[in-house]
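A.B. asks: File data.cif follows (mmCIF, C-alpha atoms):
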```
data_query
loop_
_atom_site.label_atom_id
_atom_site.label_comp_id
_atom_site.auth_asym_id
_atom_site.auth_seq_id
_atom_site.Cartn_x
_atom_site.Cartn_y
_atom_site.Cartn_z
CA GLN A 1 7.17 1.83 2.73
CA THR A 2 10.83 0.93 2.42
CA LYS A 3 12.23 -2.47 1.58
CA GLU A 4 13.53 -2.84 5.12
CA GLN A 5 10.13 -2.08 6.63
CA VAL A 6 8.40 -4.65 4.41
CA LEU A 7 10.99 -7.35 5.14
CA THR A 8 10.70 -6.67 8.89
CA PHE A 9 6.93 -6.99 8.72
CA CYS A 10 7.10 -10.23 6.73
CA GLU A 11 9.52 -11.85 9.19
CA ALA A 12 7.39 -10.83 12.17
CA TYR A 13 4.17 -11.96 10.51
CA LYS A 14 5.54 -15.41 9.73
CA LYS A 15 6.17 -15.95 13.46
CA LEU A 16 2.53 -15.40 14.43
CA LYS A 17 0.58 -18.48 15.46
CA ILE A 18 -2.59 -17.28 13.74
CA ARG A 19 -2.09 -15.81 10.27
CA LYS A 20 -4.41 -14.91 7.44
CA PRO A 21 -3.76 -14.46 3.72
CA TRP A 22 -3.23 -10.79 3.02
CA PHE A 23 -3.22 -8.30 0.17
CA CYS A 24 -1.48 -4.95 -0.29
CA ALA A 25 -1.27 -2.14 -2.81
CA PHE A 26 1.72 -0.05 -3.85
CA ARG A 27 2.65 2.73 -6.18
CA ALA A 28 4.27 1.46 -9.37
CA ASP A 29 7.46 3.38 -8.60
CA VAL A 30 8.12 1.49 -5.36
CA ASN A 31 11.76 0.42 -5.36
CA PHE A 32 11.34 -3.25 -4.43
CA ASP A 33 13.31 -6.16 -5.84
CA LYS A 34 12.44 -9.84 -6.25
CA GLU A 35 13.64 -10.60 -2.73
CA THR A 36 11.09 -8.23 -1.25
CA PHE A 37 8.14 -9.55 -3.22
CA MET A 38 9.22 -13.14 -2.53
CA ALA A 39 9.33 -12.42 1.20
CA MET A 40 5.81 -11.03 0.95
CA LYS A 41 4.62 -14.13 -0.86
CA GLU A 42 6.24 -16.48 1.65
CA SER A 43 4.65 -14.64 4.56
CA GLY A 44 1.15 -15.10 3.16
CA CYS A 45 0.63 -12.29 0.63
CA ILE A 46 -1.74 -13.63 -2.00
CA SER A 47 -1.86 -10.59 -4.29
CA THR A 48 -0.71 -7.02 -4.77
CA SER A 49 -1.67 -4.14 -7.05
CA ALA A 50 -0.50 -0.87 -8.52
CA GLY A 51 -2.18 1.94 -10.40
CA VAL A 52 -1.26 1.90 -14.09
CA GLU A 53 -3.44 4.81 -15.30
CA SER A 54 -1.71 5.22 -18.68
CA GLY A 55 0.82 3.64 -21.01
CA SER A 56 2.03 7.06 -22.12
CA ASP A 57 4.72 9.00 -20.25
CA LYS A 58 3.24 12.18 -21.68
CA ILE A 59 -0.14 11.52 -20.05
CA LEU A 60 1.39 10.34 -16.77
CA LYS A 61 3.28 13.62 -16.60
CA LEU A 62 0.17 15.67 -17.41
CA MET A 63 -1.82 13.98 -14.65
CA ARG A 64 1.10 14.43 -12.24
CA LYS A 65 1.12 10.74 -11.45
CA GLY A 66 4.80 10.73 -10.56
CA THR A 67 5.47 7.38 -12.23
CA THR A 68 6.80 6.30 -15.60
CA VAL A 69 5.82 3.59 -18.04
CA GLY A 70 9.15 1.87 -17.35
CA GLN A 71 8.45 1.72 -13.61
CA THR A 72 5.01 0.27 -14.19
CA LYS A 73 6.35 -2.44 -16.48
CA ARG A 74 9.07 -3.32 -13.99
CA PHE A 75 6.57 -3.69 -11.12
CA PHE A 76 4.32 -6.07 -13.02
CA ARG A 77 7.20 -8.04 -14.53
CA ILE A 78 8.82 -8.75 -11.15
CA THR A 79 5.59 -9.91 -9.53
CA ARG A 80 4.83 -12.13 -12.51
CA GLU A 81 8.31 -13.68 -12.46
CA ILE A 82 7.96 -14.83 -8.85
CA GLY A 83 4.35 -15.93 -9.27
CA LEU A 84 2.70 -13.27 -7.11
CA PRO A 85 -0.67 -12.25 -8.61
CA CYS A 86 -0.81 -8.54 -9.40
CA ASN A 87 -3.68 -6.40 -10.63
CA GLY A 88 -4.47 -2.77 -11.23
CA THR A 89 -6.45 -0.31 -13.32
CA PHE A 90 -5.84 2.08 -16.17
CA MET A 91 -7.79 5.07 -17.45
CA VAL A 92 -9.01 6.16 -20.86
CA GLY A 93 -10.27 9.64 -21.70
CA ASN A 94 -7.53 11.48 -19.83
CA GLU A 95 -6.79 15.14 -20.27
CA GLY A 96 -4.53 15.74 -23.26
CA GLU A 97 -5.00 12.25 -24.69
CA THR A 98 -5.20 11.57 -28.39
CA GLU A 99 -5.94 8.29 -30.10
CA LYS A 100 -2.19 7.63 -30.09
CA GLU A 101 -1.89 7.75 -26.29
CA ILE A 102 -4.95 5.57 -25.74
CA ARG A 103 -3.50 3.03 -28.18
CA GLU A 104 -0.22 3.10 -26.27
CA SER A 105 -2.06 2.26 -23.05
CA ILE A 106 -3.92 -0.65 -24.62
CA ASP A 107 -0.75 -1.95 -26.28
CA MET A 108 1.18 -1.84 -23.02
CA VAL A 109 -1.33 -3.73 -20.86
CA LEU A 110 -1.78 -6.37 -23.57
CA ASN A 111 1.89 -6.82 -24.47
CA GLU A 112 2.88 -6.97 -20.80
CA GLU A 113 -0.08 -9.25 -20.02
CA MET A 114 -1.14 -7.06 -17.09
CA ASN A 115 -4.17 -8.10 -15.11
CA VAL A 116 -5.79 -4.67 -15.17
CA GLY A 117 -9.15 -3.19 -16.00
CA PRO A 118 -10.09 0.07 -17.77
CA SER A 119 -12.05 3.01 -16.38
CA LEU A 120 -13.38 6.12 -18.05
CA THR A 121 -11.86 9.27 -16.56
CA SER A 122 -14.38 11.28 -14.56
CA THR A 123 -13.97 15.02 -14.10
CA TYR A 124 -14.46 15.32 -10.35
CA PRO A 125 -15.17 18.77 -8.87
CA GLY A 126 -12.14 20.23 -7.13
CA THR A 127 -9.60 18.29 -9.16
CA LEU A 128 -7.08 19.86 -11.51
CA ILE A 129 -8.81 18.46 -14.59
CA TYR A 130 -12.10 19.95 -13.36
CA LYS A 131 -10.54 23.39 -12.93
CA ASN A 132 -8.96 23.11 -16.37
CA ALA A 133 -12.31 22.08 -17.87
CA LEU A 134 -13.86 25.23 -16.40
CA LYS A 135 -11.08 27.38 -17.85
CA ARG A 136 -11.48 25.73 -21.27
CA GLY A 137 -15.22 26.32 -21.25
CA LEU A 138 -16.02 22.61 -21.28
CA ILE A 139 -18.20 23.08 -18.20
CA ILE A 140 -20.40 26.17 -18.39
CA ASP A 141 -22.99 25.64 -15.67
CA GLU A 142 -21.48 23.80 -12.70
CA TRP A 143 -24.83 23.03 -11.09
CA GLU A 144 -26.19 21.57 -14.31
CA TYR A 145 -22.99 19.53 -14.65
CA LEU A 146 -23.36 18.08 -11.16
CA GLN A 147 -26.98 17.15 -11.85
CA LYS A 148 -26.22 15.40 -15.15
CA ILE A 149 -22.87 13.73 -14.56
CA ARG A 150 -22.57 10.21 -13.21
CA PHE A 151 -19.27 9.46 -11.59
CA ASN A 152 -17.59 6.05 -11.46
CA CYS A 153 -19.13 5.18 -14.80
CA GLY A 154 -17.84 1.73 -15.59
CA VAL A 155 -17.13 0.77 -19.18
CA TRP A 156 -18.96 -2.51 -18.53
CA GLU A 157 -22.31 -0.79 -17.93
CA TRP A 158 -24.61 -1.17 -20.91
CA ASP A 159 -25.70 2.49 -21.15
CA TRP A 160 -22.44 4.26 -20.36
CA ILE A 161 -22.06 5.75 -23.84
CA ASP A 162 -25.47 7.42 -23.64
CA ARG A 163 -24.68 9.20 -20.39
CA TYR A 164 -23.56 12.79 -20.03
CA HIS A 165 -19.79 13.05 -20.26
CA VAL A 166 -17.32 15.92 -20.60
CA ASN A 167 -14.62 15.19 -23.14
CA ILE A 168 -11.35 16.55 -21.70
CA THR A 169 -9.11 14.79 -24.23
CA ASP A 170 -7.61 16.26 -27.39
CA ILE A 171 -9.86 14.01 -29.45
CA PRO A 172 -12.66 15.89 -31.28
CA ASN A 173 -16.11 15.32 -29.79
CA GLU A 174 -17.41 13.76 -33.00
CA ASN A 175 -14.66 11.10 -32.83
CA PHE A 176 -14.38 10.63 -29.07
CA TRP A 177 -16.70 7.67 -28.53
CA ASP A 178 -15.58 5.91 -31.70
CA VAL A 179 -11.96 6.00 -30.52
CA ILE A 180 -12.80 4.90 -26.96
CA VAL A 181 -15.07 2.06 -28.06
CA ASN A 182 -12.75 0.81 -30.80
CA GLU A 183 -9.72 0.66 -28.52
CA LEU A 184 -11.61 -0.98 -25.66
CA ARG A 185 -13.10 -3.47 -28.09
CA ARG A 186 -9.57 -4.32 -29.20
CA TYR A 187 -8.58 -4.77 -25.57
CA TYR A 188 -11.46 -7.08 -24.64
CA THR A 189 -11.25 -9.00 -27.91
CA CYS A 190 -7.62 -9.79 -27.20
CA LEU A 191 -8.48 -10.94 -23.67
CA PHE A 192 -11.28 -13.11 -25.03
CA ASN A 193 -8.94 -14.80 -27.52
CA ARG A 194 -6.08 -15.11 -25.04
CA TYR A 195 -7.99 -16.58 -22.11
CA GLN A 196 -10.58 -18.79 -23.70
CA ALA A 197 -12.19 -21.43 -21.51
CA LYS A 198 -12.15 -24.76 -23.33
CA ASN A 199 -13.39 -28.27 -22.66
CA MET A 200 -15.67 -27.17 -19.83
CA LYS A 201 -17.93 -29.87 -18.42
CA PHE A 202 -20.84 -29.59 -16.02
CA ARG A 203 -22.20 -32.36 -13.86
CA LEU A 204 -25.31 -32.35 -11.70
CA THR A 205 -24.57 -34.16 -8.45
CA ARG A 206 -28.13 -34.02 -7.13
CA ARG A 207 -31.60 -33.84 -8.57
CA TRP A 208 -32.49 -30.39 -9.87
CA SER A 209 -35.73 -29.02 -8.52
CA THR A 210 -37.32 -25.59 -8.32
CA SER A 211 -40.31 -26.79 -6.30
CA PRO A 212 -40.38 -25.37 -2.75
CA SER A 213 -42.01 -28.58 -1.56
CA ASN A 214 -39.02 -30.62 -2.66
CA PRO A 215 -36.03 -30.08 -0.37
CA ALA A 216 -33.63 -31.58 -2.88
CA LYS A 217 -30.89 -29.13 -3.80
CA SER A 218 -28.51 -29.15 -6.70
CA ARG A 219 -24.79 -28.67 -6.84
CA ILE A 220 -22.81 -28.14 -10.00
CA ALA A 221 -19.21 -29.24 -10.29
CA MET A 222 -17.16 -27.59 -13.01
CA CYS A 223 -13.83 -28.77 -14.31
CA SER A 224 -10.93 -26.38 -14.63
CA PRO A 225 -10.95 -24.61 -18.01
CA THR A 226 -8.04 -25.04 -20.38
CA PRO A 227 -6.55 -21.64 -21.36
CA SER A 228 -5.93 -20.79 -24.97
CA PRO A 229 -2.34 -21.73 -25.90
CA SER A 230 -1.82 -18.94 -28.40
CA PRO A 231 -2.52 -15.37 -27.21
CA THR A 232 -3.51 -12.75 -29.74
CA PRO A 233 -0.71 -10.14 -30.02
CA ALA A 234 -1.49 -6.49 -29.49
CA ARG A 235 -1.32 -4.12 -32.36
CA SER A 236 1.94 -2.22 -32.41
#
```
Is it possible to give me this structure as structure tokens?
C.D. replies:
Amino acid sequence: QTKEQVLTFCEAYKKLKIRKPWFCAFRADVNFDKETFMAMKESGCISTSAGVESGSDKILKLMRKGTTVGQTKRFFRITREIGLPCNGTFMVGNEGETEKEIRESIDMVLNEEMNVGPSLTSTYPGTLIYKNALKRGLIIDEWEYLQKIRFNCGVWEWDWIDRYHVNITDIPNENFWDVIVNELRRYYTCLFNRYQAKNMKFRLTRRWSTSPSNPAKSRIAMCSPTPSPSPTPARS
């Protein structure tokens, strides 16, 4: 989309009698300015997103993402400045990554205060990284690989480390999980310290009952949490 197309849409949408809040996603290299994002917000856009993938220009180039770290930072900074919520995702375990590049990704999302979540890179059949893994001998038996692998393995799942995974990074196998876990622990620890919920109070507004014979239901009202005033800085 071009800036002109987005502005035209926003003006037309604001004139509709019936409107709904809307969301959209862009590439991080989209050449929009504050005016464009503000027009989106004023026309009902409640959030936007962009794929981060990595905080290393080297890795972005290897994965042929077509974006740069500078473009990603600019996208998130502009949306934050005008108060438009923005989210995205980044990947760990990319082809060619070392501990240095993973650390750069974690540092960037923390220092820029990006609302993004991590994912473990999966080697999907047919992709470039899959073909490279075959050439490197990382996948010997393709049928066995397809039977063992579990795609979309979230880092929040309790048994993800114990699952079958092909290491396509430049990190030695014996160090791979230690590096991944340590860096993600640093990421989540910083989020925990930065966005602590404080002074939370709960109040029962009706009688609590688990008896099916008692129709009384309970509702819980929760006050707004107070965020931590002092975020934990990322390691440089």
A.B. asks: Determine the nearest neighbour of Tyr188 of chain A from the options A:Phe151, A:Arg103, A:Arg64, A:Pro118, counting all atoms listed in the file.
C.D. replies: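 Using all atoms listed in the file, Tyr188 of chain A sits closest to A:Pro118.
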A.B. asks: Tell me which of A:Thr98, A:Asn115, A:Ser43, A:Thr127 sits closest to Ile171 of chain A, counting only C-alpha atoms.
C.D. replies: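 Closest candidate: A:Thr98.
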A.B. asks: Let me make sure I understand: among A:Ala12, A:Val109, A:Ile59, A:Ile102, which one has the smallest atom-to-atom distance to Phe76 of chain A if we use only C-alpha atoms?
C.D. replies: A:Val109
A.B. asks: Quick one: everything within 10 Å of Asp170 of chain A, counting all atoms listed in the file, minus sequence neighbours fewer than 4 positions away in the same chain. Send it as number ranges by chain.
C.D. replies: A: 93-99, 176
A.B. asks: Using the chain letters and numbering of this document, enumerate as a list in words the residues selected by the PyMOL selection byres ((chain A and resi 82-92) around 7).
C.D. replies: Met38, Lys41, Ile46, Ser47, Thr48, Ser49, Ala50, Gly51, Val52, Glu53, Ser54, Phe76, Ile78, Thr79, Arg80, Glu81, Gly93, Asn94, Ile102, Met114, Asn115, Val116, Gly117, Pro118, Ser119, Leu120 and Thr121 of chain A
A.B. asks: Output C-alpha atoms for every residue in the selection just made, as a compact mmCIF listing (two decimals), keeping the file's coordinate frame.
C.D. replies:
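Listing of part38.txt after writing:
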```
# COMPACT_ATOMS: atom_id res chain seq x y z
CA MET A 38 9.22 -13.14 -2.53
CA LYS A 41 4.62 -14.13 -0.86
CA ILE A 46 -1.74 -13.63 -2.00
CA SER A 47 -1.86 -10.59 -4.29
CA THR A 48 -0.71 -7.02 -4.77
CA SER A 49 -1.67 -4.14 -7.05
CA ALA A 50 -0.50 -0.87 -8.52
CA GLY A 51 -2.18 1.94 -10.40
CA VAL A 52 -1.26 1.90 -14.09
CA GLU A 53 -3.44 4.81 -15.30
CA SER A 54 -1.71 5.22 -18.68
CA PHE A 76 4.32 -6.07 -13.02
CA ILE A 78 8.82 -8.75 -11.15
CA THR A 79 5.59 -9.91 -9.53
CA ARG A 80 4.83 -12.13 -12.51
CA GLU A 81 8.31 -13.68 -12.46
CA GLY A 93 -10.27 9.64 -21.70
CA ASN A 94 -7.53 11.48 -19.83
CA ILE A 102 -4.95 5.57 -25.74
CA MET A 114 -1.14 -7.06 -17.09
CA ASN A 115 -4.17 -8.10 -15.11
CA VAL A 116 -5.79 -4.67 -15.17
CA GLY A 117 -9.15 -3.19 -16.00
CA PRO A 118 -10.09 0.07 -17.77
CA SER A 119 -12.05 3.01 -16.38
CA LEU A 120 -13.38 6.12 -18.05
CA THR A 121 -11.86 9.27 -16.56
```
A.B. asks: Rounded to one decimal in Å, what is the spacing between atom CA of Asp29 of chain A and atom CA of Leu7 of chain A?
C.D. replies: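 Atom CA of Asp29 of chain A sits 17.8 Å away from atom CA of Leu7 of chain A.
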A.B. asks: Select, from A:Glu112, A:Thr68, A:Asp107, A:Asn175, the residue with the minimum atom-to-atom distance to Tyr187 of chain A, counting all atoms listed in the file.
C.D. replies: A:Asp107
A.B. asks: So, counting all atoms listed in the file, which residue among A:Asn132, A:Ser105, A:Gln71, A:Gln5 is closest to Ser56 of chain A?
C.D. replies: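 Using all atoms listed in the file, the shortest distance to Ser56 of chain A belongs to A:Ser105.
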A.B. asks: What does the distance from atom CA of Ala25 of chain A to atom CA of Lys3 of chain A come to in Å, to one decimal?
C.D. replies: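 Atom-to-atom, atom CA of Ala25 of chain A to atom CA of Lys3 of chain A, that is 14.2 Å.
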A.B. asks: Run the PyMOL selection byres ((chain A and resi 143-147) around 10) on the file and write out the hits as a list in words.
C.D. replies: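 The output of the PyMOL selection byres ((chain A and resi 143-147) around 10) on this file is Tyr124, Pro125, Ile139, Ile140, Asp141, Glu142, Lys148, Ile149, Arg150, Phe151, Tyr164, His165 and Val166 of chain A.
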A.B. asks: Work out how far atom CA of Arg194 of chain A is from atom CA of Trp177 of chain A, in Å to one decimal.
C.D. replies: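 So the answer is 25.4 Å.
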